[in-house]
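Visitor: Dropping a structure here in structure tokens format, bear with me for questions.
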Amino acid sequence: MSDRWLEIEQLSIDYGGTRAVREVSLSVPAGTTLAIVGPSGCGKTSLLRAIAGLVPVAAGRIIAGGDDITSTPPSRRDVGLVPQQYALFPHLTVRGNVEYGLRARKVDPRSRAEVVERLLTFTELTDFADRRPAQLSGGQRQRVALARAMAIEPRVLLLDEPLAALDPQLRGAMRRQLMTLLAASTGVNVMVTHDRHEALSMADHVAVMRAGELVQFGTPRDLWDRPADDFVADFLCAATYVDVEADDRGVHALGGHWTIPHELLQPPSSRGPARLLLRPDSLLLHDAPAPGSVEAVVTHTEFVGESTQVTVDVAGRTLTARSGRPVRRGDRVFVTLSMGTALVQKEKVAA
Ligand SMILES: Nc1ncnc2c1ncn2[C@@H]1O[C@H](COP(=O)(O)OP(=O)(O)OP(=O)(O)O)[C@@H](O)[C@H]1O
């Protein structure tokens, strides 16, 4: 018996001869949440549906709790699915929906009632138990879908964009509640999302996909500190890698346009070529030249509440920064590094 509760080995999925998912391999231990994240059409939902048994696998294996379930019919996989629009049974009450899987498994009425009452309490739905889905808010429906999937205590719980159908105000509150619910599950939770904040904040492991391929798999911290390439850096952290060359005078970036003092970097840079990960929180904007600054032009601004996200052009490279004070498109600014926030990595960016 494997201690890894979900393993995916070299999994490929085809639709009519077109490969939508290519040789994805990863493994996730029990009691943790995996987020599959990536841009639209990258194959996230296909991967999720393949784990559920709803799309055929062209090659590779899916192993849950040590059992190869690649060819097991969906109903016998011990997998719970929360679809994107929840797909509740409209004619059943909340209680009826939550109870559905237990009835199908012929669980005796007493045990069934116990599980349902426990889950209704847990998801704060007791007062709504006799309502039908049409009489519920979006957040309440989401909790019913989750309780329904959790009732059978599946070894793998699959959630397709669990917060996407909720309005933005509700999403923050539901994210915290969903994290509490997922933490209580003993199997593996797999969540598809295109939202990097959701992936980084809710998951123990993150799989980043692009064009059907797995480009990086790791903990949120790993991905935040060491995105594998420019795509992951941009997608997950709104960050940019720049090639640098370090000598005794400092670290030279952007074709020699910008010399950064060694003492601002983490870890202190050794001499020679390296790459520097510049995240929005690594860059400071000034009105006038400052020690170690480089001149830039503001190309785009976006007010995000507590700060403004600012895109600047520095010697032909686009960098993203945050600014606490108002700046406008076309403004000339000076960029410095915030002490200790830009990470130096020894290898250069792959061409
Ligand atoms: N039933 C299908 N028949 C043919 N092609 C499909 C089918 N389902 C998905 N695809 C294609 O497979 C690729 C991956 O689709 P998938 O839905 O898995 O992506 P996704 O990352 O979940 O996208 P989104 O975030 O937009 O939902 C896309 O190019 C899509 O057009």
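Labels for the structure tokens follow display order: chains A, B, ..., residues from 1 in each chain, ligands from 1.
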Would you pick out the contacts of Thr311 in chain A at 10 Å or less, using only C-alpha atoms, so that residues sharing its chain but fewer than 6 positions from it are not included, and give the list as a list in words?

Guide: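 That gives Pro280, Ala296, Val297, Val298, Thr299, His300, Thr301, Glu302, Thr318, Leu319, Thr320, Ala321, Arg322 and Arg329 of chain A.
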
Visitor: Save the residues we just selected, C-alpha atoms, as a PDB file, in the first residue's frame?

Guide:
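result14.pdb, freshly written:
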ATOM      1  CA  PRO A 280       5.953  43.629  -7.527  1.00  0.00           C
ATOM      2  CA  ALA A 296      11.606  53.986 -16.092  1.00  0.00           C
ATOM      3  CA  VAL A 297       8.391  55.100 -17.793  1.00  0.00           C
ATOM      4  CA  VAL A 298       4.948  54.143 -16.467  1.00  0.00           C
ATOM      5  CA  THR A 299       3.042  52.237 -19.170  1.00  0.00           C
ATOM      6  CA  HIS A 300      -0.044  51.109 -17.251  1.00  0.00           C
ATOM      7  CA  THR A 301      -1.657  51.608 -13.843  1.00  0.00           C
ATOM      8  CA  GLU A 302      -4.350  49.658 -12.046  1.00  0.00           C
ATOM      9  CA  THR A 318       8.354  45.401 -18.661  1.00  0.00           C
ATOM     10  CA  LEU A 319       8.332  45.184 -14.847  1.00  0.00           C
ATOM     11  CA  THR A 320       5.409  45.298 -12.421  1.00  0.00           C
ATOM     12  CA  ALA A 321       5.600  47.273  -9.182  1.00  0.00           C
ATOM     13  CA  ARG A 322       3.245  48.496  -6.482  1.00  0.00           C
ATOM     14  CA  ARG A 329       0.656  56.570 -17.488  1.00  0.00           C
TER      15      ARG A 329
END

Visitor: Taking the DSSP assignment computed from this structure's backbone, write out as a PyMOL selection string all residues of range 79-319 of chain A that belong to alpha helix (DSSP H).

Guide: chain A and resi 94-104+109-122+138-151+168-183+196-202+220-225+230-237

Visitor: Restrict the selected residues to C-alpha atoms and save them as a PDB file, in the first residue's frame.

Guide:
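Below you can see out_28.pdb, which holds the result:
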ATOM      1  CA  VAL A  94     -30.766  20.153   0.832  1.00  0.00           C
ATOM      2  CA  ARG A  95     -30.968  17.086   3.080  1.00  0.00           C
ATOM      3  CA  GLY A  96     -31.940  14.909   0.104  1.00  0.00           C
ATOM      4  CA  ASN A  97     -28.979  16.160  -1.911  1.00  0.00           C
ATOM      5  CA  VAL A  98     -26.502  15.532   0.908  1.00  0.00           C
ATOM      6  CA  GLU A  99     -27.991  12.100   1.537  1.00  0.00           C
ATOM      7  CA  TYR A 100     -27.990  11.046  -2.115  1.00  0.00           C
ATOM      8  CA  GLY A 101     -24.623   9.262  -2.300  1.00  0.00           C
ATOM      9  CA  LEU A 102     -25.250   7.426   0.964  1.00  0.00           C
ATOM     10  CA  ARG A 103     -28.607   6.126  -0.306  1.00  0.00           C
ATOM     11  CA  ALA A 104     -26.970   5.010  -3.558  1.00  0.00           C
ATOM     12  CA  PRO A 109     -30.986   4.902   7.539  1.00  0.00           C
ATOM     13  CA  ARG A 110     -29.559   5.519  11.020  1.00  0.00           C
ATOM     14  CA  SER A 111     -25.948   5.909   9.912  1.00  0.00           C
ATOM     15  CA  ARG A 112     -27.175   7.969   6.958  1.00  0.00           C
ATOM     16  CA  ALA A 113     -29.060  10.385   9.203  1.00  0.00           C
ATOM     17  CA  GLU A 114     -26.037  10.714  11.485  1.00  0.00           C
ATOM     18  CA  VAL A 115     -23.671  11.587   8.630  1.00  0.00           C
ATOM     19  CA  VAL A 116     -26.141  14.031   7.076  1.00  0.00           C
ATOM     20  CA  GLU A 117     -26.820  15.858  10.370  1.00  0.00           C
ATOM     21  CA  ARG A 118     -23.088  16.103  11.067  1.00  0.00           C
ATOM     22  CA  LEU A 119     -22.389  17.543   7.615  1.00  0.00           C
ATOM     23  CA  LEU A 120     -25.329  19.951   7.739  1.00  0.00           C
ATOM     24  CA  THR A 121     -24.028  21.280  11.058  1.00  0.00           C
ATOM     25  CA  PHE A 122     -20.470  21.431   9.744  1.00  0.00           C
ATOM     26  CA  GLY A 138     -24.912  30.840  -4.363  1.00  0.00           C
ATOM     27  CA  GLY A 139     -22.759  30.333  -1.269  1.00  0.00           C
ATOM     28  CA  GLN A 140     -25.334  28.027   0.315  1.00  0.00           C
ATOM     29  CA  ARG A 141     -25.577  25.975  -2.891  1.00  0.00           C
ATOM     30  CA  GLN A 142     -21.823  25.627  -2.946  1.00  0.00           C
ATOM     31  CA  ARG A 143     -21.865  24.274   0.605  1.00  0.00           C
ATOM     32  CA  VAL A 144     -24.594  21.772  -0.296  1.00  0.00           C
ATOM     33  CA  ALA A 145     -22.517  20.527  -3.257  1.00  0.00           C
ATOM     34  CA  LEU A 146     -19.526  20.173  -0.982  1.00  0.00           C
ATOM     35  CA  ALA A 147     -21.478  18.393   1.757  1.00  0.00           C
ATOM     36  CA  ARG A 148     -22.962  16.055  -0.866  1.00  0.00           C
ATOM     37  CA  ALA A 149     -19.515  15.145  -2.190  1.00  0.00           C
ATOM     38  CA  MET A 150     -18.026  14.806   1.312  1.00  0.00           C
ATOM     39  CA  ALA A 151     -20.857  12.586   2.627  1.00  0.00           C
ATOM     40  CA  PRO A 168     -16.634  38.650  -5.440  1.00  0.00           C
ATOM     41  CA  GLN A 169     -17.917  39.791  -2.019  1.00  0.00           C
ATOM     42  CA  LEU A 170     -18.844  36.236  -1.076  1.00  0.00           C
ATOM     43  CA  ARG A 171     -15.695  34.688  -2.472  1.00  0.00           C
ATOM     44  CA  GLY A 172     -13.346  35.839   0.310  1.00  0.00           C
ATOM     45  CA  ALA A 173     -15.609  34.547   3.067  1.00  0.00           C
ATOM     46  CA  MET A 174     -16.253  31.272   1.239  1.00  0.00           C
ATOM     47  CA  ARG A 175     -12.555  30.784   0.585  1.00  0.00           C
ATOM     48  CA  ARG A 176     -11.865  30.786   4.325  1.00  0.00           C
ATOM     49  CA  GLN A 177     -14.797  28.473   5.001  1.00  0.00           C
ATOM     50  CA  LEU A 178     -13.820  26.109   2.203  1.00  0.00           C
ATOM     51  CA  MET A 179     -10.274  25.909   3.590  1.00  0.00           C
ATOM     52  CA  THR A 180     -11.690  24.835   6.968  1.00  0.00           C
ATOM     53  CA  LEU A 181     -13.854  22.190   5.302  1.00  0.00           C
ATOM     54  CA  LEU A 182     -11.012  20.870   3.144  1.00  0.00           C
ATOM     55  CA  ALA A 183      -8.681  20.694   6.138  1.00  0.00           C
ATOM     56  CA  ARG A 196      -3.409  32.315  -8.559  1.00  0.00           C
ATOM     57  CA  HIS A 197      -4.431  33.822  -5.207  1.00  0.00           C
ATOM     58  CA  GLU A 198      -6.767  30.899  -4.615  1.00  0.00           C
ATOM     59  CA  ALA A 199      -4.110  28.374  -5.610  1.00  0.00           C
ATOM     60  CA  LEU A 200      -1.404  29.917  -3.430  1.00  0.00           C
ATOM     61  CA  SER A 201      -3.585  30.515  -0.391  1.00  0.00           C
ATOM     62  CA  MET A 202      -5.695  27.346  -0.330  1.00  0.00           C
ATOM     63  CA  PRO A 220       3.047  27.470  -2.826  1.00  0.00           C
ATOM     64  CA  ARG A 221       6.258  28.710  -1.154  1.00  0.00           C
ATOM     65  CA  ASP A 222       8.487  26.823  -3.661  1.00  0.00           C
ATOM     66  CA  LEU A 223       6.582  28.293  -6.575  1.00  0.00           C
ATOM     67  CA  TRP A 224       6.539  31.787  -5.107  1.00  0.00           C
ATOM     68  CA  ASP A 225      10.283  31.825  -4.407  1.00  0.00           C
ATOM     69  CA  ASP A 230       9.115  33.262 -17.103  1.00  0.00           C
ATOM     70  CA  PHE A 231       5.620  31.881 -17.684  1.00  0.00           C
ATOM     71  CA  VAL A 232       5.193  30.650 -14.082  1.00  0.00           C
ATOM     72  CA  ALA A 233       6.829  33.806 -12.679  1.00  0.00           C
ATOM     73  CA  ASP A 234       4.386  35.997 -14.599  1.00  0.00           C
ATOM     74  CA  PHE A 235       1.291  33.828 -14.119  1.00  0.00           C
ATOM     75  CA  LEU A 236       1.720  33.069 -10.424  1.00  0.00           C
ATOM     76  CA  CYS A 237       3.575  36.080  -9.023  1.00  0.00           C
TER      77      CYS A 237
END

Visitor: Pick out the residues no farther than 6 Å from ligand 1, counting only C-alpha atoms and all ligand atoms, and list them as a PyMOL selection string.

Guide: chain A and resi 15+20+39-46

Visitor: Counting only C-alpha atoms, which residue out of A:Leu283, A:Ala35, A:Ala30, A:Val24 sits closest to Ala203 in chain A?

Guide: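 The answer is A:Ala35, which sits nearest to Ala203 in chain A.
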
Visitor: Please identify all polymer residues within 12 Å of Pro326 in chain A, counting only C-alpha atoms, omitting same-chain residues fewer than 5 positions from it, and present them as a list of chain:residue names.

Guide: A:Leu285, A:His286, A:Asp287, A:Val298, A:Thr301, A:Glu302, A:Phe303, A:Val304, A:Gly305, A:Glu306, A:Ser307, A:Thr308, A:Gln309, A:Val310, A:Asp331, A:Val333

Visitor: Could you take the residues named above and write them with C-alpha atoms, as an mmCIF file, in the first residue's frame?

Guide:
data_model
loop_
_atom_site.group_PDB
_atom_site.id
_atom_site.type_symbol
_atom_site.label_atom_id
_atom_site.label_comp_id
_atom_site.auth_asym_id
_atom_site.auth_seq_id
_atom_site.Cartn_x
_atom_site.Cartn_y
_atom_site.Cartn_z
ATOM 1 C CA LEU A 285 9.159 53.781 -7.273
ATOM 2 C CA HIS A 286 10.599 57.261 -6.684
ATOM 3 C CA ASP A 287 10.058 60.710 -8.266
ATOM 4 C CA VAL A 298 4.948 54.143 -16.467
ATOM 5 C CA THR A 301 -1.657 51.608 -13.843
ATOM 6 C CA GLU A 302 -4.350 49.658 -12.046
ATOM 7 C CA PHE A 303 -5.847 50.768 -8.747
ATOM 8 C CA VAL A 304 -6.208 47.698 -6.517
ATOM 9 C CA GLY A 305 -7.463 49.323 -3.319
ATOM 10 C CA GLU A 306 -4.605 49.435 -0.830
ATOM 11 C CA SER A 307 -2.096 50.251 -3.590
ATOM 12 C CA THR A 308 -1.765 50.813 -7.321
ATOM 13 C CA GLN A 309 -0.259 48.102 -9.518
ATOM 14 C CA VAL A 310 2.068 49.884 -11.904
ATOM 15 C CA ASP A 331 5.151 59.462 -15.799
ATOM 16 C CA VAL A 333 9.899 57.357 -12.363
#

Visitor: Using only C-alpha atoms, which protein or nucleic acid residues come within 12 Å of Leu337 in chain A? Drop anything in the same chain fewer than 5 positions from it, and give the result as a short mmCIF file (atom, residue, chain, number, x, y, z; two decimals) with C-alpha atoms, in the first residue's frame.

Guide:
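Final output, result-v5.cif:
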data_model
loop_
_atom_site.label_atom_id
_atom_site.label_comp_id
_atom_site.auth_asym_id
_atom_site.auth_seq_id
_atom_site.Cartn_x
_atom_site.Cartn_y
_atom_site.Cartn_z
CA VAL A 251 24.88 43.42 -9.91
CA ALA A 253 20.94 44.10 -15.05
CA TRP A 258 20.85 49.16 -13.97
CA THR A 259 23.51 48.49 -11.34
CA ILE A 260 22.12 47.17 -8.07
CA PRO A 261 24.23 47.38 -4.89
CA HIS A 262 25.11 43.94 -3.48
CA GLU A 263 23.71 44.77 -0.04
CA LEU A 264 20.14 45.02 -1.38
CA LEU A 265 20.11 41.42 -2.59
CA GLN A 266 19.17 38.15 -1.03
CA LEU A 276 17.07 37.89 -10.43
CA LEU A 277 13.40 37.36 -9.62
CA LEU A 278 11.66 40.74 -9.53
CA ARG A 279 8.21 40.58 -7.92
CA PRO A 280 5.95 43.63 -7.53
CA ASP A 281 6.89 43.83 -3.85
CA SER A 282 10.62 43.92 -4.76
CA LEU A 283 10.42 47.25 -6.58
CA LEU A 284 10.11 50.76 -5.16
CA LEU A 285 9.16 53.78 -7.27
CA HIS A 286 10.60 57.26 -6.68
CA ALA A 290 17.98 57.53 -5.77
CA PRO A 291 21.11 55.48 -4.99
CA GLY A 292 20.99 52.31 -7.09
CA SER A 293 17.95 53.45 -9.11
CA VAL A 294 17.15 53.07 -12.80
CA LEU A 319 8.33 45.18 -14.85
CA ALA A 321 5.60 47.27 -9.18
CA ARG A 322 3.24 48.50 -6.48
CA ALA A 342 14.63 40.24 -4.87
CA LEU A 343 15.97 36.71 -4.96
#

Visitor: Find the distance between CA of Gly272 in chain A and CA of Asp248 in chain A and write it in Å to one decimal.

Guide: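 Interatomic distance here is 10.0 Å.
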
Visitor: Can you measure CA of Glu161 in chain A to CA of Val37 in chain A for me? One decimal in Å is fine.

Guide: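 Between CA of Glu161 in chain A and CA of Val37 in chain A the gap works out to 9.8 Å.
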
Visitor: So what do you get for CA of Asp229 in chain A versus CA of Gly316 in chain A, distance-wise?

Guide: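 Atom-to-atom, CA of Asp229 in chain A to CA of Gly316 in chain A, that is 19.5 Å.
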
Visitor: Enumerate, as a list in words, the complete set of residues in range 109-237 of chain A that a backbone-based DSSP assignment places in strand (DSSP E).

Guide: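 Answer for range 109-237 of chain A, restricted to strand (DSSP E): Val156, Leu157, Leu158, Leu159, Asp160, Val188, Asn189, Val190, Met191, Val192, Thr193, His205, Val206, Ala207, Val208, Met209, Arg210, Glu213, Leu214, Val215, Gln216, Phe217 and Gly218 of chain A.
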
Visitor: Grab the residues selected above and save them as a compact mmCIF listing (two decimals), in the first residue's frame with N, CA and C atoms.

Guide:
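Written file, result-v4.txt:
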# COMPACT_ATOMS: atom_id res chain seq x y z
N VAL A 156 -10.67 10.70 -2.81
CA VAL A 156 -10.27 11.89 -3.59
C VAL A 156 -11.50 12.79 -3.76
N LEU A 157 -11.38 14.05 -3.35
CA LEU A 157 -12.47 15.01 -3.50
C LEU A 157 -12.05 16.01 -4.57
N LEU A 158 -12.84 16.09 -5.64
CA LEU A 158 -12.48 16.94 -6.78
C LEU A 158 -13.37 18.17 -6.80
N LEU A 159 -12.76 19.34 -6.95
CA LEU A 159 -13.54 20.58 -6.96
C LEU A 159 -13.17 21.38 -8.21
N ASP A 160 -14.17 21.60 -9.07
CA ASP A 160 -13.91 22.32 -10.32
C ASP A 160 -14.26 23.79 -10.12
N VAL A 188 -7.41 13.10 -0.41
CA VAL A 188 -6.75 14.17 -1.17
C VAL A 188 -7.83 15.06 -1.78
N ASN A 189 -7.67 16.37 -1.65
CA ASN A 189 -8.57 17.30 -2.33
C ASN A 189 -7.85 17.85 -3.54
N VAL A 190 -8.54 17.83 -4.68
CA VAL A 190 -7.94 18.38 -5.90
C VAL A 190 -8.86 19.48 -6.41
N MET A 191 -8.31 20.67 -6.54
CA MET A 191 -9.12 21.83 -6.88
C MET A 191 -8.59 22.46 -8.16
N VAL A 192 -9.47 22.69 -9.12
CA VAL A 192 -9.07 23.41 -10.33
C VAL A 192 -9.38 24.89 -10.15
N THR A 193 -8.45 25.73 -10.49
CA THR A 193 -8.72 27.17 -10.43
C THR A 193 -7.87 27.89 -11.47
N HIS A 205 -0.14 21.90 -2.29
CA HIS A 205 0.67 21.64 -3.47
C HIS A 205 -0.01 22.33 -4.65
N VAL A 206 0.80 22.86 -5.56
CA VAL A 206 0.24 23.54 -6.72
C VAL A 206 0.85 22.93 -7.98
N ALA A 207 -0.02 22.59 -8.94
CA ALA A 207 0.44 22.12 -10.25
C ALA A 207 0.11 23.20 -11.26
N VAL A 208 1.12 23.77 -11.89
CA VAL A 208 0.89 24.82 -12.89
C VAL A 208 0.92 24.17 -14.26
N MET A 209 -0.16 24.36 -15.03
CA MET A 209 -0.23 23.77 -16.38
C MET A 209 -0.22 24.85 -17.43
N ARG A 210 0.34 24.50 -18.58
CA ARG A 210 0.27 25.37 -19.76
C ARG A 210 0.20 24.48 -20.98
N GLU A 213 0.55 20.76 -20.63
CA GLU A 213 1.72 20.19 -19.94
C GLU A 213 1.83 20.75 -18.52
N LEU A 214 2.41 19.92 -17.65
CA LEU A 214 2.69 20.37 -16.29
C LEU A 214 4.02 21.12 -16.33
N VAL A 215 3.98 22.41 -16.02
CA VAL A 215 5.24 23.16 -16.09
C VAL A 215 5.94 23.26 -14.75
N GLN A 216 5.16 23.18 -13.65
CA GLN A 216 5.83 23.17 -12.34
C GLN A 216 4.88 22.57 -11.32
N PHE A 217 5.46 21.85 -10.36
CA PHE A 217 4.69 21.23 -9.30
C PHE A 217 5.46 21.43 -8.00
N GLY A 218 4.83 22.00 -6.99
CA GLY A 218 5.55 22.21 -5.73
C GLY A 218 4.63 22.84 -4.71

Visitor: Kindly indicate which residue among A:Thr341, A:Leu48, A:Pro154, A:Gln10 lies nearest to Ala239 in chain A, using only C-alpha atoms for the distances.

Guide: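 Among the listed residues, the smallest separation from Ala239 in chain A belongs to A:Thr341.
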